[in-house]
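run-v3.tsv follows (TSV, C-alpha atoms):
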chain	number	residue	atom	x	y	z
A	1	MET	CA	40.64	-69.60	-18.54
A	2	PHE	CA	38.44	-72.52	-17.53
A	3	GLN	CA	36.90	-74.60	-20.24
A	4	LEU	CA	33.22	-73.89	-19.55
A	5	SER	CA	30.00	-74.50	-21.36
A	6	ARG	CA	28.52	-71.53	-23.26
A	7	GLY	CA	25.71	-71.15	-20.71
A	8	ALA	CA	28.18	-71.13	-17.82
A	9	ALA	CA	30.31	-68.48	-19.50
A	10	GLN	CA	27.25	-66.29	-20.13
A	11	SER	CA	26.20	-66.61	-16.49
A	12	LEU	CA	29.53	-65.05	-15.50
A	13	THR	CA	29.59	-62.19	-18.00
A	14	GLN	CA	25.96	-61.20	-18.47
A	15	SER	CA	24.80	-60.70	-14.89
A	16	PRO	CA	23.20	-57.22	-14.75
A	17	LEU	CA	24.08	-56.78	-11.07
A	18	ALA	CA	27.66	-58.02	-11.19
A	19	ALA	CA	28.99	-54.71	-12.51
A	20	GLN	CA	28.38	-53.07	-9.12
A	21	PRO	CA	30.74	-53.93	-6.25
A	22	MET	CA	28.97	-55.94	-3.54
A	23	ALA	CA	25.70	-55.67	-5.48
A	24	HIS	CA	24.89	-59.23	-6.48
A	25	THR	CA	25.24	-60.87	-3.07
A	26	GLN	CA	21.88	-62.01	-1.78
A	27	PRO	CA	20.73	-60.23	1.40
A	28	VAL	CA	21.44	-62.31	4.47
A	29	PRO	CA	19.54	-61.83	7.74
A	30	GLN	CA	21.51	-61.23	10.91
A	31	SER	CA	20.75	-64.71	12.22
A	32	VAL	CA	22.38	-66.20	9.13
A	33	ALA	CA	25.38	-63.90	9.58
A	34	ALA	CA	25.82	-65.26	13.08
A	35	ALA	CA	25.54	-68.81	11.77
A	36	ASP	CA	28.17	-68.07	9.14
A	37	LEU	CA	30.46	-66.74	11.84
A	38	GLN	CA	30.04	-69.93	13.86
A	39	GLY	CA	30.61	-71.99	10.71
A	40	LEU	CA	33.93	-70.27	10.14
A	41	LEU	CA	35.14	-70.10	13.70
A	42	GLY	CA	33.22	-72.74	15.64
A	43	GLU	CA	31.09	-72.28	18.75
A	44	THR	CA	31.60	-68.97	20.55
A	45	PRO	CA	30.78	-68.21	24.16
A	46	ARG	CA	28.41	-65.41	24.99
A	47	VAL	CA	29.74	-62.25	26.54
A	48	GLY	CA	28.50	-62.19	30.13
A	49	ARG	CA	28.57	-59.71	32.98
A	50	GLY	CA	29.37	-56.88	30.53
A	51	GLN	CA	26.01	-55.41	29.63
A	52	ARG	CA	25.15	-55.14	25.94
A	53	SER	CA	23.15	-52.05	26.73
A	54	ASN	CA	26.24	-49.96	25.94
A	55	THR	CA	25.40	-47.85	22.96
A	56	MET	CA	26.80	-48.50	19.50
A	57	ALA	CA	27.84	-44.86	19.38
A	58	ARG	CA	30.40	-45.43	22.14
A	59	MET	CA	31.78	-48.47	20.33
A	60	GLN	CA	31.99	-46.54	17.08
A	61	GLN	CA	33.84	-43.67	18.79
A	62	GLN	CA	36.32	-46.11	20.30
A	63	VAL	CA	37.07	-47.74	16.94
A	64	GLN	CA	37.33	-44.36	15.22
A	65	ARG	CA	39.73	-43.11	17.90
A	66	ILE	CA	42.02	-46.09	17.36
A	67	VAL	CA	41.91	-45.70	13.57
A	68	ASN	CA	42.74	-42.00	13.84
A	69	GLU	CA	45.62	-42.74	16.20
A	70	ALA	CA	47.03	-45.29	13.74
A	71	ARG	CA	46.83	-42.73	10.93
A	72	ARG	CA	48.51	-39.95	12.90
A	73	ARG	CA	51.56	-41.92	13.97
A	74	PRO	CA	53.85	-44.25	11.95
A	75	LYS	CA	53.58	-47.98	12.37
A	76	VAL	CA	57.23	-48.50	13.41
A	77	ALA	CA	59.43	-45.69	14.60
A	78	HIS	CA	62.80	-45.38	12.84
A	79	VAL	CA	65.69	-45.55	15.31
A	80	ALA	CA	68.41	-42.98	14.65
A	81	ALA	CA	71.97	-44.27	14.51
A	82	GLU	CA	73.07	-41.98	17.32
A	83	GLY	CA	70.22	-43.10	19.54
A	84	ALA	CA	71.02	-46.77	18.90
A	85	LEU	CA	74.81	-46.61	19.22
A	86	GLY	CA	75.45	-43.54	21.38
A	87	ARG	CA	78.45	-41.29	20.89
A	88	ILE	CA	81.71	-43.05	20.08
A	89	SER	CA	84.77	-41.29	21.48
A	90	ILE	CA	87.90	-40.69	19.40
A	91	ASN	CA	90.81	-43.05	20.03
A	92	SER	CA	93.82	-41.66	21.86
A	93	ALA	CA	96.73	-42.87	23.96
A	94	ARG	CA	94.73	-42.30	27.12
A	95	ASN	CA	91.50	-43.67	25.66
A	96	PRO	CA	92.37	-46.41	23.16
A	97	LYS	CA	88.99	-48.14	23.21
A	98	GLN	CA	85.69	-47.02	21.83
A	99	ALA	CA	83.38	-46.04	24.65
A	100	ILE	CA	79.75	-46.48	23.70
A	101	GLN	CA	77.44	-44.22	25.62
A	102	VAL	CA	73.90	-45.54	25.22
A	103	GLN	CA	71.35	-42.77	25.53
A	104	HIS	CA	68.04	-43.76	27.15
A	105	ASP	CA	65.40	-41.23	26.24
A	106	ALA	CA	61.76	-41.04	27.17
A	107	GLY	CA	60.70	-42.08	23.68
A	108	THR	CA	62.42	-45.45	23.84
A	109	HIS	CA	60.09	-48.26	24.90
A	110	ASP	CA	61.89	-51.46	25.79
A	111	ALA	CA	59.36	-52.36	28.40
A	112	GLY	CA	57.68	-55.60	29.28
A	113	PRO	CA	53.97	-56.10	29.90
A	114	HIS	CA	54.13	-54.06	33.13
A	115	GLY	CA	56.25	-51.19	31.85
A	116	ALA	CA	59.70	-52.02	33.29
A	117	ALA	CA	62.71	-51.92	30.99
A	118	ARG	CA	63.75	-55.50	30.21
A	119	GLY	CA	65.74	-57.65	27.86
A	120	PRO	CA	64.16	-60.43	25.77
A	121	ALA	CA	64.59	-63.09	28.46
A	122	ALA	CA	63.18	-60.82	31.18
A	123	SER	CA	60.27	-59.84	28.93
A	124	ARG	CA	59.51	-63.51	28.34
A	125	ARG	CA	59.48	-64.16	32.09
A	126	ALA	CA	57.26	-61.14	32.66
A	127	THR	CA	54.84	-62.40	30.01
A	128	LEU	CA	54.69	-65.83	31.64
A	129	ARG	CA	53.99	-64.17	35.00
A	130	ALA	CA	51.22	-62.12	33.38
A	131	VAL	CA	49.65	-65.29	31.99
A	132	GLU	CA	49.77	-66.96	35.40
A	133	THR	CA	48.28	-63.84	37.03
A	134	ALA	CA	45.42	-63.78	34.54
A	135	TYR	CA	44.89	-67.52	34.95
A	136	GLY	CA	44.63	-67.24	38.71
A	137	ALA	CA	42.24	-64.29	38.39
A	138	VAL	CA	39.97	-66.25	36.02
A	139	LEU	CA	39.91	-69.16	38.47
A	140	ARG	CA	38.81	-66.80	41.24
A	141	MET	CA	36.08	-65.29	39.04
A	142	GLU	CA	34.80	-68.75	38.12
A	143	GLN	CA	34.81	-69.68	41.80
A	144	GLN	CA	32.77	-66.57	42.63
A	145	VAL	CA	30.26	-67.46	39.90
A	146	ARG	CA	29.80	-70.95	41.39
A	147	ALA	CA	29.63	-69.70	44.98
A	148	GLN	CA	26.25	-69.60	46.70
A	149	GLN	CA	27.05	-66.17	48.15
A	150	PRO	CA	29.36	-64.53	45.63
A	151	SER	CA	31.30	-61.40	46.53
A	152	ASP	CA	30.89	-58.66	43.96
A	153	ALA	CA	33.98	-56.88	45.29
A	154	ALA	CA	36.14	-59.99	44.98
A	155	TYR	CA	34.77	-60.66	41.52
A	156	ALA	CA	35.44	-57.09	40.34
A	157	GLU	CA	38.96	-57.16	41.77
A	158	ALA	CA	39.77	-60.44	39.99
A	159	ARG	CA	38.35	-59.17	36.70
A	160	GLU	CA	40.43	-55.99	36.88
A	161	GLN	CA	43.54	-58.02	37.68
A	162	ALA	CA	42.94	-60.35	34.73
A	163	TRP	CA	42.24	-57.43	32.39
A	164	THR	CA	45.44	-55.64	33.44
A	165	ALA	CA	47.53	-58.80	33.00
A	166	LEU	CA	46.05	-59.34	29.53
A	167	GLY	CA	47.53	-56.02	28.37
A	168	ALA	CA	44.81	-55.26	25.83
A	169	ALA	CA	44.27	-51.78	27.28
A	170	GLN	CA	47.86	-50.73	26.56
A	171	PRO	CA	48.22	-48.13	23.73
A	172	ILE	CA	48.76	-49.81	20.39
A	173	LEU	CA	51.83	-47.83	19.36
A	174	ASN	CA	53.77	-47.65	22.62
A	175	GLU	CA	55.52	-51.01	22.49
A	176	TYR	CA	56.57	-53.68	19.98
A	177	PRO	CA	55.53	-56.37	20.18
A	178	HIS	CA	52.41	-55.32	22.01
A	179	PRO	CA	51.85	-56.89	25.47
A	180	LEU	CA	48.72	-58.64	24.17
A	181	VAL	CA	50.74	-60.13	21.30
A	182	ARG	CA	53.21	-61.52	23.83
A	183	PHE	CA	50.35	-62.84	25.95
A	184	LEU	CA	48.86	-64.66	22.95
A	185	GLY	CA	52.31	-65.99	22.06
A	186	VAL	CA	52.01	-68.30	25.08
A	187	ALA	CA	49.75	-71.30	24.43
A	188	LYS	CA	48.32	-71.14	27.94
A	189	GLY	CA	47.45	-67.48	27.40
A	190	THR	CA	45.64	-68.26	24.15
A	191	ARG	CA	43.66	-71.07	25.79
A	192	LEU	CA	42.60	-68.68	28.54
A	193	ILE	CA	40.86	-66.21	26.19
A	194	PRO	CA	37.51	-68.09	25.82
A	195	ARG	CA	37.33	-68.42	29.62
A	196	LEU	CA	38.16	-64.77	30.22
A	197	VAL	CA	35.96	-63.09	27.60
A	198	PRO	CA	32.60	-64.06	29.19
A	199	HIS	CA	33.61	-62.02	32.25
A	200	LEU	CA	34.50	-58.87	30.27
A	201	SER	CA	32.31	-55.93	29.36
A	202	VAL	CA	31.38	-55.17	25.77
A	203	ASP	CA	33.84	-52.26	25.72
A	204	GLN	CA	36.63	-54.53	26.93
A	205	VAL	CA	35.84	-57.15	24.29
A	206	LEU	CA	35.91	-54.39	21.67
A	207	ALA	CA	39.29	-53.20	22.99
A	208	LEU	CA	40.59	-56.78	22.86
A	209	THR	CA	39.39	-57.20	19.28
A	210	THR	CA	40.74	-53.88	18.02
A	211	THR	CA	44.14	-54.56	19.59
A	212	ILE	CA	44.36	-57.97	17.91
A	213	ILE	CA	43.32	-56.50	14.55
A	214	ALA	CA	45.81	-53.63	14.82
A	215	ASN	CA	48.65	-56.07	15.57
A	216	PHE	CA	47.74	-58.91	13.22
A	217	GLU	CA	51.05	-59.03	11.37
A	218	SER	CA	53.08	-59.16	14.61
A	219	LEU	CA	51.15	-62.15	16.03
A	220	ASP	CA	53.26	-65.31	16.21
A	221	VAL	CA	50.71	-67.13	14.06
A	222	CYS	CA	50.96	-64.44	11.35
A	223	ARG	CA	54.55	-63.19	11.41
A	224	PHE	CA	55.84	-65.86	9.04
A	225	GLY	CA	53.10	-65.60	6.43
A	226	SER	CA	51.71	-68.83	5.04
A	227	PHE	CA	52.40	-71.68	7.42
A	228	SER	CA	54.50	-74.65	6.42
A	229	LEU	CA	52.80	-78.02	6.42
A	230	ALA	CA	56.03	-79.53	7.75
A	231	ASP	CA	56.04	-77.21	10.77
A	232	ALA	CA	53.72	-79.05	13.13
A	233	GLN	CA	54.33	-76.64	16.01
A	234	ARG	CA	53.31	-73.59	13.96
A	235	ARG	CA	50.31	-75.44	12.54
A	236	ASP	CA	49.13	-76.39	16.03
A	237	ALA	CA	49.61	-72.82	17.28
A	238	THR	CA	47.53	-71.49	14.37
A	239	ALA	CA	44.75	-74.01	15.02
A	240	LEU	CA	44.74	-73.07	18.71
A	241	PHE	CA	44.50	-69.36	17.90
A	242	LEU	CA	41.65	-69.96	15.45
A	243	HIS	CA	39.60	-72.01	17.88
A	244	ALA	CA	40.42	-70.24	21.15
A	245	ALA	CA	41.23	-66.56	20.56
A	246	MET	CA	39.32	-65.53	17.44
A	247	PRO	CA	35.76	-66.81	18.09
A	248	PRO	CA	35.11	-64.89	21.32
A	249	ALA	CA	36.92	-61.82	20.01
A	250	LEU	CA	34.85	-61.63	16.82
A	251	ALA	CA	31.52	-63.04	18.01
A	252	PHE	CA	30.13	-59.59	18.80
A	253	MET	CA	30.46	-58.63	15.09
A	254	ALA	CA	27.28	-60.61	14.41
A	255	ASP	CA	25.32	-57.79	16.09
A	256	THR	CA	27.37	-54.71	15.20
A	257	PRO	CA	26.29	-52.04	12.69
A	258	LEU	CA	28.16	-51.30	9.48
A	259	GLN	CA	29.96	-48.31	11.02
A	260	ILE	CA	31.76	-50.59	13.50
A	261	VAL	CA	32.52	-53.18	10.81
A	262	ASN	CA	33.98	-50.46	8.58
A	263	GLY	CA	36.05	-49.13	11.47
A	264	LEU	CA	37.57	-52.53	12.19
A	265	PHE	CA	38.13	-53.12	8.47
A	266	ALA	CA	39.88	-49.74	8.11
A	267	LEU	CA	42.01	-50.44	11.19
A	268	PHE	CA	43.16	-53.73	9.68
A	269	MET	CA	44.06	-52.03	6.39
A	270	GLU	CA	45.89	-49.17	8.11
A	271	ARG	CA	47.98	-51.20	10.52
A	272	ASN	CA	49.00	-54.30	8.54
A	273	ASN	CA	50.79	-55.31	5.37
A	274	VAL	CA	47.67	-56.72	3.77
A	275	ALA	CA	49.31	-58.65	0.93
A	276	TRP	CA	51.54	-60.44	3.45
A	277	VAL	CA	49.22	-61.05	6.38
A	278	ALA	CA	46.33	-62.20	4.13
A	279	ARG	CA	48.34	-65.35	3.47
A	280	THR	CA	47.61	-66.52	7.01
A	281	ARG	CA	44.57	-68.40	8.20
A	282	PRO	CA	43.63	-65.94	10.99
A	283	ALA	CA	43.59	-62.99	8.58
A	284	GLN	CA	41.60	-64.95	6.01
A	285	VAL	CA	39.00	-65.84	8.65
A	286	PHE	CA	38.76	-62.24	9.84
A	287	LEU	CA	38.41	-60.80	6.32
A	288	ALA	CA	35.81	-63.42	5.38
A	289	VAL	CA	33.77	-62.50	8.47
A	290	VAL	CA	34.02	-58.78	7.63
A	291	LEU	CA	32.94	-59.29	4.00
A	292	ARG	CA	30.04	-61.55	4.98
A	293	ARG	CA	28.85	-59.14	7.64
A	294	THR	CA	29.02	-56.28	5.13
A	295	ALA	CA	26.95	-58.30	2.67
A	296	ALA	CA	24.39	-59.05	5.39
A	297	LEU	CA	23.99	-55.33	6.17
A	298	LYS	CA	23.95	-54.13	2.57
A	299	GLN	CA	20.19	-53.83	2.24
A	300	ALA	CA	19.82	-51.92	5.51
A	301	TYR	CA	22.37	-49.32	4.39
A	302	ALA	CA	21.36	-48.90	0.75
A	303	ASP	CA	22.76	-45.71	-0.85
A	304	SER	CA	24.36	-44.65	2.46
A	305	ALA	CA	27.76	-43.18	3.23
A	306	GLU	CA	28.59	-46.30	5.25
A	307	LEU	CA	27.98	-48.57	2.26
A	308	PHE	CA	30.10	-46.30	0.06
A	309	GLN	CA	32.91	-46.50	2.61
A	310	ALA	CA	32.58	-50.30	2.69
A	311	ALA	CA	32.92	-50.37	-1.11
A	312	GLU	CA	36.05	-48.19	-0.91
A	313	LEU	CA	37.59	-50.46	1.71
A	314	TYR	CA	36.83	-53.49	-0.45
A	315	ALA	CA	38.51	-51.80	-3.42
A	316	HIS	CA	41.63	-51.13	-1.33
A	317	LEU	CA	41.67	-54.76	-0.19
A	318	PHE	CA	41.23	-56.06	-3.72
A	319	ASN	CA	44.03	-53.84	-5.08
A	320	ALA	CA	46.35	-54.96	-2.29
A	321	LEU	CA	45.72	-58.61	-3.20
A	322	ARG	CA	45.98	-58.15	-6.96
A	323	GLY	CA	48.74	-60.40	-8.23
A	324	ASN	CA	48.98	-62.23	-4.88
A	325	ILE	CA	45.94	-64.51	-5.03
A	326	THR	CA	47.99	-67.68	-5.44
A	327	ALA	CA	49.95	-66.80	-2.29
A	328	LEU	CA	46.73	-67.15	-0.27
A	329	PHE	CA	47.05	-70.94	-0.54
A	330	PRO	CA	49.43	-72.96	1.62
A	331	PRO	CA	52.32	-74.79	-0.09
A	332	PRO	CA	51.41	-78.20	-1.51
A	333	PRO	CA	52.21	-81.28	0.58
A	334	PRO	CA	55.11	-83.57	-0.38
A	335	PRO	CA	54.34	-86.29	-2.95
A	336	SER	CA	54.32	-88.96	-0.25
A	337	GLN	CA	51.56	-87.20	1.70
A	338	LEU	CA	47.88	-87.02	0.80
A	339	PRO	CA	46.48	-83.49	0.40
A	340	GLY	CA	44.46	-82.31	3.37
A	341	PRO	CA	41.25	-80.46	2.40
A	342	ALA	CA	41.31	-78.69	5.77
A	343	ASP	CA	44.63	-77.06	4.92
A	344	ASP	CA	43.23	-74.66	2.32
A	345	VAL	CA	39.54	-74.44	3.23
A	346	HIS	CA	40.03	-71.00	4.80
A	347	ALA	CA	41.63	-69.72	1.60
A	348	TRP	CA	38.67	-70.95	-0.47
A	349	GLN	CA	36.20	-69.43	2.01
A	350	PHE	CA	37.98	-66.09	1.80
A	351	LEU	CA	38.09	-66.23	-2.01
A	352	ALA	CA	34.35	-66.98	-2.02
A	353	ALA	CA	33.61	-63.92	0.12
A	354	LEU	CA	35.94	-61.85	-2.06
A	355	ALA	CA	34.26	-63.04	-5.28
A	356	ALA	CA	30.76	-62.47	-3.93
A	357	ALA	CA	31.50	-58.76	-3.50
A	358	ALA	CA	33.42	-58.32	-6.76
A	359	SER	CA	32.44	-56.66	-10.02
A	360	VAL	CA	32.58	-58.60	-13.30
A	361	GLU	CA	36.05	-57.25	-14.05
A	362	GLN	CA	37.27	-58.17	-10.60
A	363	GLN	CA	35.73	-61.62	-10.88
A	364	HIS	CA	37.59	-62.21	-14.15
A	365	MET	CA	40.83	-61.23	-12.44
A	366	LEU	CA	40.14	-63.61	-9.56
A	367	VAL	CA	39.35	-66.43	-11.98
A	368	SER	CA	42.51	-65.71	-13.95
A	369	GLU	CA	44.77	-65.80	-10.88
A	370	ALA	CA	43.06	-68.74	-9.16
A	371	ARG	CA	42.67	-70.79	-12.36
A	372	GLY	CA	45.73	-72.93	-11.68
A	373	HIS	CA	44.57	-73.92	-8.19
A	374	VAL	CA	41.04	-74.59	-9.41
A	375	LEU	CA	42.15	-76.83	-12.28
A	376	THR	CA	44.71	-78.67	-10.15
A	377	SER	CA	42.19	-79.31	-7.39
A	378	VAL	CA	39.41	-80.46	-9.74
A	379	GLN	CA	41.75	-82.74	-11.67
A	380	LEU	CA	43.07	-84.22	-8.43
A	381	ALA	CA	39.55	-84.85	-7.13
A	382	LYS	CA	38.53	-86.53	-10.41
A	383	SER	CA	41.72	-88.56	-10.80
A	384	GLY	CA	40.45	-91.54	-8.83
A	385	HIS	CA	43.70	-91.75	-6.83
A	386	LEU	CA	42.20	-90.31	-3.64
A	387	PRO	CA	39.72	-91.77	-1.15
A	388	SER	CA	36.18	-90.72	-2.01
A	389	ASP	CA	35.75	-88.61	1.13
A	390	VAL	CA	38.94	-86.66	0.45
A	391	ALA	CA	37.98	-86.12	-3.19
A	392	SER	CA	34.52	-84.90	-2.17
A	393	ALA	CA	36.01	-82.49	0.37
A	394	ILE	CA	38.40	-81.05	-2.22
A	395	THR	CA	35.54	-80.54	-4.67
A	396	ALA	CA	33.44	-78.89	-1.97
A	397	ASN	CA	36.28	-76.47	-1.22
A	398	VAL	CA	36.60	-75.47	-4.86
A	399	ASN	CA	32.84	-75.04	-5.12
A	400	LEU	CA	32.93	-72.49	-2.29
A	401	PHE	CA	34.69	-70.18	-4.73
A	402	LEU	CA	32.99	-71.27	-7.95
A	403	ASN	CA	29.48	-71.12	-6.50
A	404	ALA	CA	30.09	-67.48	-5.54
A	405	LEU	CA	30.69	-66.86	-9.26
A	406	GLY	CA	27.59	-68.79	-10.31
A	407	LEU	CA	29.69	-71.76	-11.47
A	408	ASP	CA	30.32	-75.31	-10.36
A	409	ALA	CA	33.23	-77.74	-10.40
A	410	SER	CA	31.26	-80.05	-12.70
A	411	GLN	CA	31.53	-77.37	-15.41
A	412	VAL	CA	35.34	-77.39	-15.30
A	413	ALA	CA	36.99	-79.74	-17.77
A	414	ALA	CA	39.29	-82.13	-15.92

Can the structure from this file be put into structure tokens for me?
Amino acid sequence: MFQLSRGAAQSLTQSPLAAQPMAHTQPVPQSVAAADLQGLLGETPRVGRGQRSNTMARMQQQVQRIVNEARRRPKVAHVAAEGALGRISINSARNPKQAIQVQHDAGTHDAGPHGAARGPAASRRATLRAVETAYGAVLRMEQQVRAQQPSDAAYAEAREQAWTALGAAQPILNEYPHPLVRFLGVAKGTRLIPRLVPHLSVDQVLALTTTIIANFESLDVCRFGSFSLADAQRRDATALFLHAAMPPALAFMADTPLQIVNGLFALFMERNNVAWVARTRPAQVFLAVVLRRTAALKQAYADSAELFQAAELYAHLFNALRGNITALFPPPPPPSQLPGPADDVHAWQFLAALAAAASVEQQHMLVSEARGHVLTSVQLAKSGHLPSDVASAITANVNLFLNALGLDASQVAA
């Protein structure tokens, strides 16, 4: 454990509220929750054209329908050997070779973004065409917005074309990878999201968000777990996804009730390998936003079924991460390279949100598993071998986690 002063140790173990999950977090007003979201994700464009007068009940029903669908059907269908290989005929003098008869049944989905059966190369070309179609549709919508006499019919047609090309409305379980995942696998498609979202309705933004959440582990930026610092291409793709795709998709969470937050949280837990995907920056950002939003709504839902469900979801998340806390951090840089505080800031932010909602026992477990990273980071910052700005940034990152526990890096013996 850390070498702490007696007062610091008592502050961790004697808090009367810390024994209750998510009980000791200070209530945060909705405006602060929105500011926290912008702090994590950057500036987010407002959703335009789609009217926010749509009721929260409709949004809740949509999320619940997707969660129920994910629970009813398996995540990946198992392919039977006969269906994959066909029937192999017996060798004979007249038929010396094995004839493979591939059986195409209605349940097999090898379709591209527009439903036609394709191979990998054809699917890639279809995805690129979908991106270009959506890009052209967004240009036409932007032109209609700037026009002195805009055409509502032309605008609506372009929006429908862009929405169809995006593929977010496709059923989650019909195709792997999902058409939206393929769309976001193209850098141009990811860059288009913040320009497209302002033209979508609230229901469409919700559909976009739920589809991303349900397919987190199949996203290109999440499939390989923790990114490698040596892989510049993967690092750039992750940064692009964080700054282009996630902010507009999650911005509406700053105004959503706890029922919607719980639904999205449950969808994430149902559809993804949490211990694996939580190693990635996008998942850490999403989970930090969910936990902060839950904390902000805690007072408004005191002693309610929604708050009890949020506590259950947190317990499932915590149990899934038990023993895997160190895997949340990216691999250390080579000795010849200075550590970058921006590389692990999302991990510290997520740990801070996780610790703020934890009980005393859970906090002790977090401290025990993260102790090595905390000590290494504090010792590195105090070593005097780093520039002062880098050392200060490393200390600030560690304090994100320690401050959530009522501690500070100055209390840790270097």

Original post:
Can you tell me how far CA of Leu400 in chain A sits from CA of Pro330 in chain A, in Å to one decimal?
Top reply: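 Distance between the two atoms: 17.0 Å.
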
Subject >> Polymer residues at most 9 Å from Asn215 in chain A, all atoms listed in the file, same-chain spacing of 6 or more positions, as a list in words >> reply: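 In the requested form, the answer reads Ile172, Pro177, His178, Leu180, Val181, Phe268, Arg271 and Asn272 of chain A.
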
Quick one: 4 Å padding each side, axis-aligned, all listed atoms of range 306-315 of chain A - centre and edge lengths in Å to one decimal, as JSON?
{"center_x": 33.2, "center_y": -49.9, "center_z": 0.9, "size_x": 18.5, "size_y": 15.2, "size_z": 16.7}

Subject >> Point-to-point distance from CA of Ala288 in chain A to CA of Gln349 in chain A, Å rounded to tenths >> reply: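 Interatomic distance here is 6.9 Å.
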
**OP:** May I ask for the distance between CA of Gln144 in chain A and CA of Ser201 in chain A, given in Å to one decimal place?
**Re:**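 Distance between the two atoms: 17.0 Å.
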
Range 292-403 of chain A near range 242-259 of chain A within 10 Å: what's each residue's closest atom pair and its distance in Å to one decimal, counting all atoms listed in the file, ordered by chain then ascending residue number, as a Markdown table?
| residue | atom | partner | partner_atom | distance |
| --- | --- | --- | --- | --- |
| A:Arg292 | CA | A:Ala254 | CA | 9.9 |
| A:Arg293 | CA | A:Ala254 | CA | 7.1 |
| A:Thr294 | CA | A:Leu258 | CA | 6.7 |
| A:Ala295 | CA | A:Leu258 | CA | 9.8 |
| A:Ala296 | CA | A:Leu258 | CA | 9.5 |
| A:Leu297 | CA | A:Leu258 | CA | 6.7 |
| A:Lys298 | CA | A:Leu258 | CA | 8.6 |
| A:Ala300 | CA | A:Leu258 | CA | 9.3 |
| A:Tyr301 | CA | A:Leu258 | CA | 8.0 |
| A:Ala305 | CA | A:Gln259 | CA | 9.6 |
| A:Glu306 | CA | A:Gln259 | CA | 6.3 |
| A:Leu307 | CA | A:Leu258 | CA | 7.7 |
| A:Gln309 | CA | A:Gln259 | CA | 9.1 |
| A:Ala310 | CA | A:Leu258 | CA | 8.2 |

Write the selection just made, keeping C-alpha atoms, as a PDB file, in the frame of the given file?
ATOM      1  CA  ARG A 292      30.040 -61.550   4.980  1.00  0.00           C
ATOM      2  CA  ARG A 293      28.850 -59.140   7.640  1.00  0.00           C
ATOM      3  CA  THR A 294      29.020 -56.280   5.130  1.00  0.00           C
ATOM      4  CA  ALA A 295      26.950 -58.300   2.670  1.00  0.00           C
ATOM      5  CA  ALA A 296      24.390 -59.050   5.390  1.00  0.00           C
ATOM      6  CA  LEU A 297      23.990 -55.330   6.170  1.00  0.00           C
ATOM      7  CA  LYS A 298      23.950 -54.130   2.570  1.00  0.00           C
ATOM      8  CA  ALA A 300      19.820 -51.920   5.510  1.00  0.00           C
ATOM      9  CA  TYR A 301      22.370 -49.320   4.390  1.00  0.00           C
ATOM     10  CA  ALA A 305      27.760 -43.180   3.230  1.00  0.00           C
ATOM     11  CA  GLU A 306      28.590 -46.300   5.250  1.00  0.00           C
ATOM     12  CA  LEU A 307      27.980 -48.570   2.260  1.00  0.00           C
ATOM     13  CA  GLN A 309      32.910 -46.500   2.610  1.00  0.00           C
ATOM     14  CA  ALA A 310      32.580 -50.300   2.690  1.00  0.00           C
TER      15      ALA A 310
END

Original post:
Quick one: of A:Val277, A:Ala121, A:Ala154, A:Ala239, who's nearest to Ala187 in chain A, counting all atoms listed in the file?
Top reply: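 Checking each candidate against Ala187 in chain A, we get A:Ala239 as the closest.
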
**OP:** Fewer than 4 positions away in the same chain doesn't count, so skip those; otherwise give me all residues within 12 Å of Leu386 in chain A, counting only C-alpha atoms, as a list in words.
**Re:** Gln337, Leu338, Pro339, Gly340, Pro341, Ser377, Val378, Gln379, Leu380, Ala381, Lys382, Val390, Ala391, Ser392, Ala393, Ile394 and Thr395 of chain A
